[in-house]
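Here is the structure we will look at.
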There are 4 protein chains.
Amino acid sequence: MIISMRPHATKEQIDHVCERIREFGYKVHSIQGEERVVIGVVGVGDVTACLESLEATPGVESAVRISAPYKFVSREFKNDHSVLRINGNEIGGDEFVVMAGPCSVESERQIMETAEGVAEAGAKMLRGGAFKPRTSPYDFQGLEVEGLKLLSKAKEATGLGIVTEIMSDRDVDLVAEYADVMQVGARNMQNFALLKSLGGCGRPVLLKRGMSSTIKELLMSAEYVVAHGNPNVVLCERGIRTFETATRNTCDIAAVPVLNELTHLPVVLDPSHATGKRSLVPALARAAVAIGADGLLLEVHPCPEKAFSDGAQSLNLEEFRGMMKMLEPYISLWKETRAAAAVPAV
Amino acid sequence: MIISMRPHATKEQIDHVCERIREFGYKVHSIQGEERVVIGVVGVGDVTACLESLEATPGVESAVRISAPYKFVSREFKNDHSVLRINGNEIGGDEFVVMAGPCSVESERQIMETAEGVAEAGAKMLRGGAFKPRTSPYDFQGLEVEGLKLLSKAKEATGLGIVTEIMSDRDVDLVAEYADVMQVGARNMQNFALLKSLGGCGRPVLLKRGMSSTIKELLMSAEYVVAHGNPNVVLCERGIRTFETATRNTCDIAAVPVLNELTHLPVVLDPSHATGKRSLVPALARAAVAIGADGLLLEVHPCPEKAFSDGAQSLNLEEFRGMMKMLEPYISLWKETRAAAAVPAV
Amino acid sequence: MIISMRPHATKEQIDHVCERIREFGYKVHSIQGEERVVIGVVGVGDVTACLESLEATPGVESAVRISAPYKFVSREFKNDHSVLRINGNEIGGDEFVVMAGPCSVESERQIMETAEGVAEAGAKMLRGGAFKPRTSPYDFQGLEVEGLKLLSKAKEATGLGIVTEIMSDRDVDLVAEYADVMQVGARNMQNFALLKSLGGCGRPVLLKRGMSSTIKELLMSAEYVVAHGNPNVVLCERGIRTFETATRNTCDIAAVPVLNELTHLPVVLDPSHATGKRSLVPALARAAVAIGADGLLLEVHPCPEKAFSDGAQSLNLEEFRGMMKMLEPYISLWKETRAAAAVPAV
Amino acid sequence: MIISMRPHATKEQIDHVCERIREFGYKVHSIQGEERVVIGVVGVGDVTACLESLEATPGVESAVRISAPYKFVSREFKNDHSVLRINGNEIGGDEFVVMAGPCSVESERQIMETAEGVAEAGAKMLRGGAFKPRTSPYDFQGLEVEGLKLLSKAKEATGLGIVTEIMSDRDVDLVAEYADVMQVGARNMQNFALLKSLGGCGRPVLLKRGMSSTIKELLMSAEYVVAHGNPNVVLCERGIRTFETATRNTCDIAAVPVLNELTHLPVVLDPSHATGKRSLVPALARAAVAIGADGLLLEVHPCPEKAFSDGAQSLNLEEFRGMMKMLEPYISLWKETRAAAAVPAV
């Protein structure tokens, strides 16, 4: 921690700050600058508590943490990529994993047709919501248990792993029975009760970035899951909220390499929510492969204009096939890069 | 709804769109412009489903909803202010209500001292967290049930109503036993499982605006609670996330009159979270009174520099007394305005 | 400056950084933490150059400036409020100054009628654009010189000082001939060529905050004007750009007390641009008085629905009179507060 | 235009609105909905003036433009890509154009070494600032005319075209004498005086997106240049300002395909400003090629840690060579895609 005192802080204030720092078990390194005193705080202790205390102490202008607030998810903790095995596939390793399917499970026919279509085109996992977070209480809220059962059927028929959303800590056991991956939606990224309960769910977690969450907050939410016992977390960039309205969200694509520098966890990108527009999805998917994401999460529906939700950003099966075909040479380059990177980096 | 077709949409596309609209039970009013066809959709039906479908239909450039997506919380539904009676006080009526207390309940001594201090200075309700949403899993998570019990003690001693946070739909019954008002934090504003369960909790709900939520989304979340059976919702502006870092959040103070135009629900402002800095709280509190908020929610701690959390934005008891004194003439003006407004406006 | 080295920075990297710091004429205070080395940089020198250099140096994780980047505009430089005398009025002193008028000067009749109306209602200055920054090249660009002349006429008739916008360093002499205050619009807040030229214009400058500019950047732009010879700058908060669309901009009202802590320059608020909606202007104006702004800049038009621009956010003359009347008791409280604050603060 | 009346608008208000619309020369199509009247406005006229007027008219809830506000830059005006010939290279055509060089021209040695290095590695144009927009008046402001002359020398030696920034309409002729491309920086994107003067400068313009400008505003600024006589504009995405601080800006990479749908103008991406961090530049450059940008604008310096500005985001020459090598297979795929797209799209 670095504590900056105000320019005219008194000696008493400075002494008091130093005393408080020592009470927290830290050592004090005081630097007398031209205008103010800056205090370096060294040692091991409860960083947040000390920081919050000092911020509230008279004479202090700012208190800044230097070390990362997360531990288990950091590159310092584990320097090589985490590879998760899910339903026979690896994510974070040598395969680029495409997870595709409808926003919501709507009917047996719809989910089976989609599952078969995306499997044939090369997807490895099927996404589909049984519990749906909808902005309006009057909109379709999902088929719930019935939807989970249909996903199981689709898995049986196609072998695809299932990614589906969990919305409440009350439903963890139920959803874990059917899901290969427990998806946490953007709106629940800081639902800490849910994150804690996923620590013991026995399934990998796909954690979507909150629409106004920083990369650091995303990592802190992942840390919640890991600290509560579950090391298998996949992060997902899905666009953030900005002033731009030409797209549904603004895809922060640079978050992918930033996350790769900070964490060993796999990172996937969701070009459907990031853009909100079907016509933009293939181009952004291409960019996601090129920038080094570990996979894609995207929306596919057999008939987007009849979808209960998110039709405007869903590819139909033919468009999905076209996109997968178009991605092939980019995925080949991705594999070469991945293979080359396996050689220890400096 | 207004559907804009692309400039070069074909006749087949336009006919197909009109047909889809009629399938949803609406009537079609087609307008041939210079560059494109625009279609007005009239009638009663499932607006969202129709909208989402049309957005995904070929040839459509945009589909825009005209009517408000919320109903019960709107001024169209109820044109006069909702007045909530809580523990003997009215909010939304002729009294400006101050809710004050620490971020977290930390100990019996801390909460009792705070409760007595704020009551004496004129607060009508005591805020204090027993379940705490913390960004880091390693930070103090609240005293939980023990904290709720301490709040009850403080209520007994001072008569103050209790506002405390609820973080999971699993804890609704427990928290409702102790709380006069169930607070939903900014991070849970779109935790729809929680919102639904609060529909039946039997207590008023204080709904804080999500840090990147629009005013419309705030109203939709309130609509969830109301539509699930609980008409007693208080809205709270607490700052939104922007690029500015001089304050913890950016207080969208104009949200107060905007909400007053759109909804009959009471609106309070939280100057502590909105600024994150103790020195700015009194000035912003003054502005909140002047702009016509129904009350304030703010953080007070007997010794901010020893607070477990949010010390930097907490007033101490003396500062709180000073602020309350300073607000008096502003609250007098507020009451005059309120009384004048009771005469039907044009 | 505080330089944080990466956790695994080598001794060579650390030594090289220390050497670079010394080359810039600074002293080095190195602190060995648990995970990394942090280096305090002390002394007087070219902070930006040193900072930028270190940020680009291998092994450095971050380089953070501690001292403020501005000097003349800071409270450290001058601890009491700057009071500007403009056309017989004082801004920044004991009078709350209202500057009102149309977005654009449109005709003699329009500007004369407005000037007389706002003067009668208590405004001290007349605003009105002769050079208009318009998003579209096809929109009305202002009457230019003709508009300036009409403003002069209005000044003669009413005695109101003139605030008008300057858009290019080429027009400084021309505009200075007619204007009492040279307004720099939000879009030109970082037009550094313009700012420099205003250093020698001989007129006070009203500097509007850029729509995505931080408070620090606003102060840096003011510093440009002052450093180039003109100490008379008034700052204006007029709303920033965020994700919220219910208002044209989001009024960062807390910027007023933040600026009062950081700078001695006067600060006014523009409730017209901050909201974009006539119905919200009076409430926000009230809040601006209450929070301690030095004045208001707002749009008034004799017939808003015939305005060439910004009609939706313009009050008509009757509404303006009503607002001025309503503000009276708030301005009385403002004066009491101002008088009390003249007693040296602690 | 579509005008939505308020739910309880009176017949008089509706009639008045219709009359106003007719006064502007438009036809009225009125639709009576369940809750309100919506009016379609059809015909040719001054859209902005009519829109602004109606927004300010009593009883109107909103007035929305349907047609695009720009004309010459739109796909409706010209459906195929504009290809600009600059110093023997084509941008917007079959070549992916890399423009590289230092943030500022600092010395003859620096610019010559950079120019030779980037030319050898495959860049086609040299970027470098002679006039520098700096946040602080105390920072290096550029070598000005001396810098322009050094750029000319570098051009003579290497054959590279020159891209350099223009900051004031006063300097247009001077800069045009030396530059092959006139760069407008993000902070000047809405410096309309400058944009107008560039309409007659006789050089292509590289227009950088303002840090909080929408895609539509970027196109409107391009329209300024084109409407004033200069059809040769290249757009540049360089990151927008958001709440995220892990990167200097947030790269809105989806703006590339969005712009490709809306305009025929070439679009390049600046991964240096978009990230602010050298280590992220190559990955983002790869994504820019993959998503279909027409080129890159990036910062290269022979010794970033001695750069006067932007060192942290500048590649050194070896890193630049490495990046260019790494991009090769992606550029090959880009060319295949470009060639395939030359076949008329549906």
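We name chains A, B, ... following the order of the structure tokens; residues begin at 1 in each chain, and ligands are numbered from 1 as shown.
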Exercise. Got a sec: who's within 10 Å of His29 of chain A, counting only C-alpha atoms, leaving out chain neighbours fewer than 4 positions off, as a list in words?
Worked result: Ile2, Cys18, Val38, Ile39, Gly40, Val41 and Val42 of chain A; His29, Ser30, Ile31 and Gln32 of chain C
Write to file, as a PDB file, in the first residue's frame, the residues of the selection just made, with N, CA and C atoms.
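Output saved as out34.pdb:
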ATOM      1  N   ILE A   2       0.371   2.276  -0.657  1.00  0.00           N
ATOM      2  CA  ILE A   2       1.036   3.569  -0.637  1.00  0.00           C
ATOM      3  C   ILE A   2       0.019   4.589  -0.127  1.00  0.00           C
ATOM      4  N   CYS A  18       0.884   6.586  10.875  1.00  0.00           N
ATOM      5  CA  CYS A  18       1.941   5.580  11.022  1.00  0.00           C
ATOM      6  C   CYS A  18       1.590   4.592  12.152  1.00  0.00           C
ATOM      7  N   VAL A  38       4.693  10.770   1.682  1.00  0.00           N
ATOM      8  CA  VAL A  38       4.111   9.552   1.140  1.00  0.00           C
ATOM      9  C   VAL A  38       4.632   8.399   1.985  1.00  0.00           C
ATOM     10  N   ILE A  39       3.723   7.487   2.324  1.00  0.00           N
ATOM     11  CA  ILE A  39       4.109   6.403   3.233  1.00  0.00           C
ATOM     12  C   ILE A  39       3.949   5.063   2.545  1.00  0.00           C
ATOM     13  N   GLY A  40       5.027   4.302   2.473  1.00  0.00           N
ATOM     14  CA  GLY A  40       4.966   2.943   1.969  1.00  0.00           C
ATOM     15  C   GLY A  40       4.645   1.991   3.105  1.00  0.00           C
ATOM     16  N   VAL A  41       3.693   1.085   2.847  1.00  0.00           N
ATOM     17  CA  VAL A  41       3.267   0.128   3.872  1.00  0.00           C
ATOM     18  C   VAL A  41       3.748  -1.251   3.446  1.00  0.00           C
ATOM     19  N   VAL A  42       4.564  -1.878   4.286  1.00  0.00           N
ATOM     20  CA  VAL A  42       5.180  -3.149   3.891  1.00  0.00           C
ATOM     21  C   VAL A  42       4.849  -4.224   4.907  1.00  0.00           C
TER      22      VAL A  42
ATOM     23  N   HIS C  29      13.814   6.734  -3.462  1.00  0.00           N
ATOM     24  CA  HIS C  29      13.567   6.059  -2.183  1.00  0.00           C
ATOM     25  C   HIS C  29      12.986   4.691  -2.494  1.00  0.00           C
ATOM     26  N   SER C  30      13.765   3.666  -2.329  1.00  0.00           N
ATOM     27  CA  SER C  30      13.332   2.341  -2.719  1.00  0.00           C
ATOM     28  C   SER C  30      12.774   1.586  -1.512  1.00  0.00           C
ATOM     29  N   ILE C  31      11.616   0.951  -1.705  1.00  0.00           N
ATOM     30  CA  ILE C  31      10.996   0.188  -0.617  1.00  0.00           C
ATOM     31  C   ILE C  31      10.836  -1.253  -1.074  1.00  0.00           C
ATOM     32  N   GLN C  32      11.407  -2.181  -0.305  1.00  0.00           N
ATOM     33  CA  GLN C  32      11.308  -3.596  -0.652  1.00  0.00           C
ATOM     34  C   GLN C  32      10.079  -4.176   0.038  1.00  0.00           C
TER      35      GLN C  32
END
With a cut-off of 8 Å, could you pull out the residues of chain B touching chain C and give me the nearest pair of atoms for each, distance in Å to one decimal, using only C-alpha atoms, ordered by chain and ascending number, as a Markdown table?
| residue | atom | partner | partner_atom | distance |
| --- | --- | --- | --- | --- |
| B:Ser212 | CA | C:Phe243 | CA | 7.6 |
| B:Ser213 | CA | C:Glu244 | CA | 7.9 |
| B:Thr214 | CA | C:Glu244 | CA | 5.4 |
| B:Ile215 | CA | C:Ala246 | CA | 7.1 |
| B:Thr242 | CA | C:Thr242 | CA | 6.3 |
| B:Phe243 | CA | C:Thr214 | CA | 7.4 |
| B:Glu244 | CA | C:Thr214 | CA | 5.4 |
| B:Thr245 | CA | C:Thr214 | CA | 7.6 |
| B:Ala246 | CA | C:Ile215 | CA | 7.1 |
| B:Thr247 | CA | C:Ala254 | CA | 8.0 |
| B:Thr250 | CA | C:Asp252 | CA | 6.0 |
| B:Cys251 | CA | C:Asp252 | CA | 6.2 |
| B:Asp252 | CA | C:Thr250 | CA | 6.0 |
| B:Ile253 | CA | C:Cys251 | CA | 7.0 |
| B:Ala254 | CA | C:Leu284 | CA | 6.6 |
| B:Pro257 | CA | C:Leu280 | CA | 6.4 |
| B:Val258 | CA | C:Leu280 | CA | 7.2 |
| B:Thr275 | CA | C:Ala254 | CA | 7.2 |
| B:Leu280 | CA | C:Pro257 | CA | 6.4 |
| B:Ala283 | CA | C:Ile291 | CA | 5.1 |
| B:Leu284 | CA | C:Ile291 | CA | 6.2 |
| B:Arg286 | CA | C:Ala290 | CA | 5.8 |
| B:Ala287 | CA | C:Ala287 | CA | 4.4 |
| B:Ala288 | CA | C:Ala287 | CA | 6.9 |
| B:Val289 | CA | C:Ala287 | CA | 7.9 |
| B:Ala290 | CA | C:Ala287 | CA | 5.2 |
| B:Ile291 | CA | C:Ala283 | CA | 5.1 |
| B:Gly292 | CA | C:Ala283 | CA | 7.5 |
| B:Pro329 | CA | C:Leu333 | CA | 7.9 |
| B:Tyr330 | CA | C:Tyr330 | CA | 7.9 |
| B:Leu333 | CA | C:Pro329 | CA | 7.9 |
Keeping N, CA and C atoms, export the residues of the selection given above as a compact mmCIF listing (two decimals), in the first residue's frame.
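again.txt, written as the output of this step:
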# COMPACT_ATOMS: atom_id res chain seq x y z
N SER B 212 -24.74 0.46 -13.17
CA SER B 212 -24.80 0.81 -14.59
C SER B 212 -26.19 0.56 -15.13
N SER B 213 -27.17 0.77 -14.30
CA SER B 213 -28.55 0.56 -14.76
C SER B 213 -29.19 1.88 -15.17
N THR B 214 -29.96 1.79 -16.21
CA THR B 214 -30.72 2.97 -16.63
C THR B 214 -31.91 3.16 -15.69
N ILE B 215 -32.47 4.34 -15.77
CA ILE B 215 -33.67 4.65 -14.99
C ILE B 215 -34.80 3.70 -15.38
N THR B 242 -19.20 5.83 -14.17
CA THR B 242 -18.80 6.55 -15.38
C THR B 242 -17.28 6.53 -15.46
N PHE B 243 -16.74 7.32 -16.37
CA PHE B 243 -15.29 7.40 -16.52
C PHE B 243 -14.65 8.27 -15.44
N GLU B 244 -15.44 9.07 -14.74
CA GLU B 244 -14.87 10.00 -13.77
C GLU B 244 -14.41 9.25 -12.51
N THR B 245 -13.21 9.56 -12.05
CA THR B 245 -12.69 8.85 -10.88
C THR B 245 -12.51 9.75 -9.66
N ALA B 246 -12.85 11.03 -9.80
CA ALA B 246 -12.70 11.93 -8.65
C ALA B 246 -13.67 11.58 -7.53
N THR B 247 -14.78 10.96 -7.90
CA THR B 247 -15.74 10.48 -6.91
C THR B 247 -15.93 8.97 -7.14
N THR B 250 -20.80 8.54 -10.00
CA THR B 250 -21.28 9.84 -10.44
C THR B 250 -22.75 9.93 -10.08
N CYS B 251 -23.08 10.88 -9.21
CA CYS B 251 -24.47 11.01 -8.77
C CYS B 251 -25.32 11.56 -9.91
N ASP B 252 -26.27 10.77 -10.36
CA ASP B 252 -27.18 11.22 -11.41
C ASP B 252 -28.37 11.90 -10.74
N ILE B 253 -28.13 13.10 -10.25
CA ILE B 253 -29.15 13.75 -9.42
C ILE B 253 -30.41 14.07 -10.21
N ALA B 254 -30.27 14.29 -11.51
CA ALA B 254 -31.45 14.57 -12.32
C ALA B 254 -32.37 13.36 -12.40
N PRO B 257 -35.88 14.15 -10.42
CA PRO B 257 -37.06 14.67 -11.12
C PRO B 257 -37.51 13.80 -12.29
N VAL B 258 -36.59 13.11 -12.94
CA VAL B 258 -37.01 12.21 -14.02
C VAL B 258 -37.93 11.13 -13.45
N THR B 275 -20.77 9.66 -3.71
CA THR B 275 -19.51 10.41 -3.77
C THR B 275 -18.31 9.58 -3.29
N LEU B 280 -17.79 15.52 0.78
CA LEU B 280 -18.75 15.93 -0.24
C LEU B 280 -20.20 15.63 0.15
N ALA B 283 -22.84 18.69 1.11
CA ALA B 283 -23.25 19.51 -0.05
C ALA B 283 -24.22 18.74 -0.93
N LEU B 284 -23.95 17.48 -1.14
CA LEU B 284 -24.84 16.69 -2.00
C LEU B 284 -26.18 16.43 -1.30
N ARG B 286 -27.68 18.48 0.65
CA ARG B 286 -28.39 19.73 0.47
C ARG B 286 -29.05 19.77 -0.92
N ALA B 287 -28.29 19.38 -1.92
CA ALA B 287 -28.82 19.37 -3.29
C ALA B 287 -29.97 18.38 -3.42
N ALA B 288 -29.87 17.26 -2.69
CA ALA B 288 -30.93 16.23 -2.76
C ALA B 288 -32.23 16.77 -2.19
N VAL B 289 -32.13 17.51 -1.09
CA VAL B 289 -33.33 18.13 -0.53
C VAL B 289 -33.90 19.13 -1.53
N ALA B 290 -33.02 19.96 -2.06
CA ALA B 290 -33.48 21.02 -2.96
C ALA B 290 -34.14 20.47 -4.22
N ILE B 291 -33.62 19.36 -4.72
CA ILE B 291 -34.17 18.86 -5.99
C ILE B 291 -35.47 18.10 -5.79
N GLY B 292 -35.78 17.80 -4.51
CA GLY B 292 -37.08 17.19 -4.25
C GLY B 292 -37.09 15.71 -3.96
N PRO B 329 -33.10 24.60 7.14
CA PRO B 329 -33.85 25.55 6.31
C PRO B 329 -34.19 25.00 4.93
N TYR B 330 -33.35 24.11 4.42
CA TYR B 330 -33.65 23.50 3.12
C TYR B 330 -34.87 22.58 3.24
N LEU B 333 -37.98 24.66 3.22
CA LEU B 333 -38.37 25.01 1.85
C LEU B 333 -38.99 23.80 1.15
Could you pull out the alpha helix (DSSP H) residues of segment 32-265 of chain A from DSSP and send them as a PDB file with C-alpha atoms, in the first residue's frame?
ATOM      1  CA  VAL A  47      -4.908  -5.147   3.258  1.00  0.00           C
ATOM      2  CA  THR A  48      -8.510  -4.100   2.690  1.00  0.00           C
ATOM      3  CA  ALA A  49      -9.211  -3.366   6.334  1.00  0.00           C
ATOM      4  CA  CYS A  50      -6.037  -1.317   6.651  1.00  0.00           C
ATOM      5  CA  LEU A  51      -6.743   0.506   3.405  1.00  0.00           C
ATOM      6  CA  GLU A  52     -10.319   1.368   4.310  1.00  0.00           C
ATOM      7  CA  SER A  53      -9.245   2.555   7.705  1.00  0.00           C
ATOM      8  CA  LEU A  54      -6.530   4.794   6.343  1.00  0.00           C
ATOM      9  CA  GLU A  55      -8.788   6.281   3.681  1.00  0.00           C
ATOM     10  CA  GLU A 108     -38.132 -30.187 -27.653  1.00  0.00           C
ATOM     11  CA  ARG A 109     -38.166 -29.691 -31.382  1.00  0.00           C
ATOM     12  CA  GLN A 110     -36.334 -26.384 -31.195  1.00  0.00           C
ATOM     13  CA  ILE A 111     -33.546 -27.595 -28.898  1.00  0.00           C
ATOM     14  CA  MET A 112     -33.048 -30.916 -30.684  1.00  0.00           C
ATOM     15  CA  GLU A 113     -32.850 -29.288 -34.090  1.00  0.00           C
ATOM     16  CA  THR A 114     -30.390 -26.721 -32.807  1.00  0.00           C
ATOM     17  CA  ALA A 115     -28.265 -29.272 -30.987  1.00  0.00           C
ATOM     18  CA  GLU A 116     -27.972 -31.477 -34.030  1.00  0.00           C
ATOM     19  CA  GLY A 117     -27.242 -28.546 -36.278  1.00  0.00           C
ATOM     20  CA  VAL A 118     -24.514 -27.003 -34.164  1.00  0.00           C
ATOM     21  CA  ALA A 119     -22.927 -30.394 -33.373  1.00  0.00           C
ATOM     22  CA  GLU A 120     -22.704 -31.210 -37.044  1.00  0.00           C
ATOM     23  CA  ALA A 121     -21.115 -27.837 -37.772  1.00  0.00           C
ATOM     24  CA  VAL A 145     -36.953 -27.855 -14.901  1.00  0.00           C
ATOM     25  CA  GLU A 146     -38.688 -28.842 -18.104  1.00  0.00           C
ATOM     26  CA  GLY A 147     -35.996 -26.930 -19.997  1.00  0.00           C
ATOM     27  CA  LEU A 148     -33.216 -28.696 -18.105  1.00  0.00           C
ATOM     28  CA  LYS A 149     -34.699 -32.060 -19.064  1.00  0.00           C
ATOM     29  CA  LEU A 150     -34.845 -31.090 -22.708  1.00  0.00           C
ATOM     30  CA  LEU A 151     -31.184 -30.102 -22.555  1.00  0.00           C
ATOM     31  CA  SER A 152     -30.393 -33.571 -21.201  1.00  0.00           C
ATOM     32  CA  LYS A 153     -32.218 -35.135 -24.089  1.00  0.00           C
ATOM     33  CA  ALA A 154     -30.243 -33.025 -26.509  1.00  0.00           C
ATOM     34  CA  LYS A 155     -27.038 -34.098 -24.800  1.00  0.00           C
ATOM     35  CA  GLU A 156     -27.980 -37.752 -25.093  1.00  0.00           C
ATOM     36  CA  ALA A 157     -28.737 -37.369 -28.763  1.00  0.00           C
ATOM     37  CA  THR A 158     -25.644 -35.413 -29.725  1.00  0.00           C
ATOM     38  CA  VAL A 172     -27.606 -24.959  -7.514  1.00  0.00           C
ATOM     39  CA  ASP A 173     -28.189 -28.667  -6.869  1.00  0.00           C
ATOM     40  CA  LEU A 174     -31.009 -28.854  -9.365  1.00  0.00           C
ATOM     41  CA  VAL A 175     -29.087 -27.224 -12.195  1.00  0.00           C
ATOM     42  CA  ALA A 176     -25.885 -29.108 -11.378  1.00  0.00           C
ATOM     43  CA  GLU A 177     -27.772 -32.341 -12.001  1.00  0.00           C
ATOM     44  CA  TYR A 178     -28.254 -31.455 -15.663  1.00  0.00           C
ATOM     45  CA  PHE A 192     -22.023 -13.098  -4.004  1.00  0.00           C
ATOM     46  CA  ALA A 193     -24.482 -15.520  -2.390  1.00  0.00           C
ATOM     47  CA  LEU A 194     -24.649 -17.347  -5.706  1.00  0.00           C
ATOM     48  CA  LEU A 195     -20.884 -17.272  -6.244  1.00  0.00           C
ATOM     49  CA  LYS A 196     -20.249 -18.762  -2.807  1.00  0.00           C
ATOM     50  CA  SER A 197     -22.716 -21.553  -3.389  1.00  0.00           C
ATOM     51  CA  LEU A 198     -21.032 -22.404  -6.700  1.00  0.00           C
ATOM     52  CA  ILE A 215     -11.641  -6.700 -15.378  1.00  0.00           C
ATOM     53  CA  LYS A 216     -10.430  -6.610 -11.798  1.00  0.00           C
ATOM     54  CA  GLU A 217     -13.957  -7.122 -10.475  1.00  0.00           C
ATOM     55  CA  LEU A 218     -14.440 -10.032 -12.841  1.00  0.00           C
ATOM     56  CA  LEU A 219     -11.329 -11.632 -11.395  1.00  0.00           C
ATOM     57  CA  MET A 220     -12.533 -10.945  -7.835  1.00  0.00           C
ATOM     58  CA  SER A 221     -15.806 -12.709  -8.612  1.00  0.00           C
ATOM     59  CA  ALA A 222     -13.887 -15.661 -10.006  1.00  0.00           C
ATOM     60  CA  GLU A 223     -11.804 -15.597  -6.837  1.00  0.00           C
ATOM     61  CA  TYR A 224     -15.029 -16.004  -4.831  1.00  0.00           C
ATOM     62  CA  VAL A 225     -15.823 -19.259  -6.620  1.00  0.00           C
ATOM     63  CA  VAL A 226     -12.261 -20.554  -6.325  1.00  0.00           C
ATOM     64  CA  ALA A 227     -11.831 -19.491  -2.697  1.00  0.00           C
ATOM     65  CA  ALA A 255      -9.881  -7.759 -22.193  1.00  0.00           C
ATOM     66  CA  VAL A 256      -8.817 -11.100 -23.673  1.00  0.00           C
ATOM     67  CA  PRO A 257      -5.055 -10.389 -23.755  1.00  0.00           C
ATOM     68  CA  VAL A 258      -5.329  -8.357 -20.537  1.00  0.00           C
ATOM     69  CA  LEU A 259      -6.871 -11.376 -18.799  1.00  0.00           C
ATOM     70  CA  ASN A 260      -4.242 -13.643 -20.306  1.00  0.00           C
ATOM     71  CA  GLU A 261      -1.593 -11.498 -18.635  1.00  0.00           C
ATOM     72  CA  LEU A 262      -3.348 -11.483 -15.255  1.00  0.00           C
TER      73      LEU A 262
END
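Atom CA of Ser314 of chain A is found 25.0 Å from atom CA of Pro204 of chain A.
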For this session: Apply DSSP to the backbone of this structure and, from segment 7-256 of chain C, keep only the residues in strand (DSSP E); write these as number ranges by chain.
Result: C: 27-32, 37-42, 60-64, 84-86, 89-91, 97-101, 125-127, 161-165, 181-184, 205-208, 233-237
